[in-house]
Amino acid sequence: MVLQYPMVDWGFTSFIESAHNEGLLYDIPVLEGPANATIHLGQREFVNFAGINFLGLQQEPEILSHFTEAARTYGLVTGGSRLLQGVCAAHAQVEELLCRVTGKERAITFASGLLANLGFLHAMSTRFSKSDDCFIDNRDTVFVLDRDSHWSLRKGVERFPLNQQLFYFRHNDPAHLKEILAKLTGAKVVVVFESVYSTDGSIAPMGELIDVCEEYGAASYVDDANGFFIYGPSHRPFAQEFAHLQRATFIMVSLSKAIGLEGGAIAGPSDAIRAFELLSGTSIFTAAMQPPTASTAALIMQKLLDNPDLMDRYL
């Protein structure tokens with residue numbers, strides 16, 4: 001007989017019941033095939049409005065064939081953490097392409113965009129000491145976030161005391177950001193916001209926000225998970241806002257939206273990005289994205305660079 005630990009005190013049962021009643025939770029569907037523009041559940045076919053890899057390139061025969069060949073070339077796994085064992089040539093190719101796209105000096109890939117965000121926030125606010133010479137202490141960093149920032153960003157800074165080392169400015173409000181930064185003169189400040197918000201679909205006034213950061217000497221970190229390879233060219237929507245993206249100190253991207261796979265990356269100043277190899281935590285205590293995924297991501301990125309009409313037609 002197996003004794004079950006009683007979970008009554010945690011309230012999971014009553015929570016599940018009410019969440020089901022209010023439509024928040026349901027039996028997770030098990031798909032009969034790939035998650036694409038349509039999905040199959042049993043014998044029924046449904047239009048898929050929930051997917052995030054919207055171009056569907058990941059299902060093209062050319063892409064699937066490349067993934068298979070990359071698995072033969074690089075294997076299925078990295079087999080260890082990035083810092084201890086290294087990464088394959090495909091990871092380096094993704095990072096080189098990201099530098100070309102963002103105009104940054106160096107880039108680092110992660111297994112997901114969430115891990116990139118958590119790793120960045122930790123790296124920018126941690127203490128590490130190996131010797132008197134090999135030492136860094138940024139525990140006094142102050143973070144200022146848009147109040148509608150992604151869960152991973154808010155989660156990464158929740159340990160900091162509010163209104164001391166953690167501030168939130170009103171959503172897409174440069175004037176309120178300026179009001180906060182004016183009170184933080186002399187502090188090491190990182191301002192964090194998104195390019196395109198998953199909460200409401202709004203576009204950040206990136207130029208105005210970065211103007212404020214530059215005026216007060218604050219580093220800027222833009223989560224471009226939802227805009228990467230979608231917006232930017234002058235003939236596409238929101239070109240005015242995206243014209244300023246490369247001015248950000250750091251740019252984070254997701255490889256699961258326009259690229260259609262998995263993984264994330266950060267591009268920025270060379271020394272900072274190199275330090276993230278050790279300081280982020282998420283590049284040393286977990287493995288990188290799978291090698292065939294990295295190789296296929298590089299292929300799709302190059303495909304979108306060479307054929308911008310693919311995204312133009314979608315938009």
# chains A, B, ... in the order shown; residues from 1 in each chain; ligands from 1
>>> select_by_dssp(residues="range 126-185 of chain A", states="strand (DSSP E or B)", output="count of residues only")
16
>>> residues_around(residues="Thr199 in chain A", least_positions_apart="5", cutoff="9 Å", atoms="only C-alpha atoms", output="list in words")
Asp148, Ser149 and His150 of chain A
>>> write_last_selection(atoms="N, CA, C and O atoms", output="PDB file, in the first residue's frame")
ATOM      1  N   ASP A 148       3.548  46.059 -17.142  1.00  0.00           N
ATOM      2  CA  ASP A 148       2.918  44.959 -17.863  1.00  0.00           C
ATOM      3  C   ASP A 148       3.935  43.998 -18.464  1.00  0.00           C
ATOM      4  O   ASP A 148       3.622  43.253 -19.391  1.00  0.00           O
ATOM      5  N   SER A 149       5.141  44.001 -17.920  1.00  0.00           N
ATOM      6  CA  SER A 149       6.188  43.117 -18.431  1.00  0.00           C
ATOM      7  C   SER A 149       5.810  41.649 -18.257  1.00  0.00           C
ATOM      8  O   SER A 149       5.030  41.279 -17.375  1.00  0.00           O
ATOM      9  N   HIS A 150       6.409  40.814 -19.081  1.00  0.00           N
ATOM     10  CA  HIS A 150       6.159  39.374 -19.075  1.00  0.00           C
ATOM     11  C   HIS A 150       6.428  38.759 -17.701  1.00  0.00           C
ATOM     12  O   HIS A 150       7.277  39.234 -16.944  1.00  0.00           O
TER      13      HIS A 150
END
>>> residues_around(residues="range 272-283 of chain A", least_positions_apart="6", cutoff="7 Å", atoms="only C-alpha atoms", output="PyMOL selection string")
chain A and resi 81-83+106-108+110+115+119-120+122-123
>>> write_last_selection(atoms="C-alpha atoms", output="PDB file, in the first residue's frame")
ATOM      1  CA  SER A  81      25.966  22.937 -19.858  1.00  0.00           C
ATOM      2  CA  ARG A  82      27.278  25.614 -22.184  1.00  0.00           C
ATOM      3  CA  LEU A  83      30.121  26.861 -19.996  1.00  0.00           C
ATOM      4  CA  ARG A 106      28.071  39.562 -29.119  1.00  0.00           C
ATOM      5  CA  ALA A 107      25.164  37.213 -28.443  1.00  0.00           C
ATOM      6  CA  ILE A 108      24.429  34.228 -26.244  1.00  0.00           C
ATOM      7  CA  PHE A 110      19.584  29.883 -24.168  1.00  0.00           C
ATOM      8  CA  LEU A 115      15.660  31.311 -19.356  1.00  0.00           C
ATOM      9  CA  GLY A 119      19.525  34.645 -16.652  1.00  0.00           C
ATOM     10  CA  PHE A 120      19.929  38.290 -17.609  1.00  0.00           C
ATOM     11  CA  HIS A 122      20.407  37.348 -12.296  1.00  0.00           C
ATOM     12  CA  ALA A 123      23.641  38.185 -14.117  1.00  0.00           C
TER      13      ALA A 123
END
>>> residues_around(residues="Ile180 in chain A", least_positions_apart="3", cutoff="9 Å", atoms="only C-alpha atoms", output="list of chain:residue names")
A:Val144, A:Phe167, A:Tyr168, A:Phe169, A:Ala175, A:His176, A:Leu177, A:Lys183, A:Leu184
>>> residues_around(residues="Leu114 in chain A", least_positions_apart="3", cutoff="9 Å", atoms="only C-alpha atoms", output="list in words")
Phe110, Ala111, Asn117, Leu118, Gly119, Trp151, Ser152, Leu153, Ser254, Gly263 and Gly264 of chain A
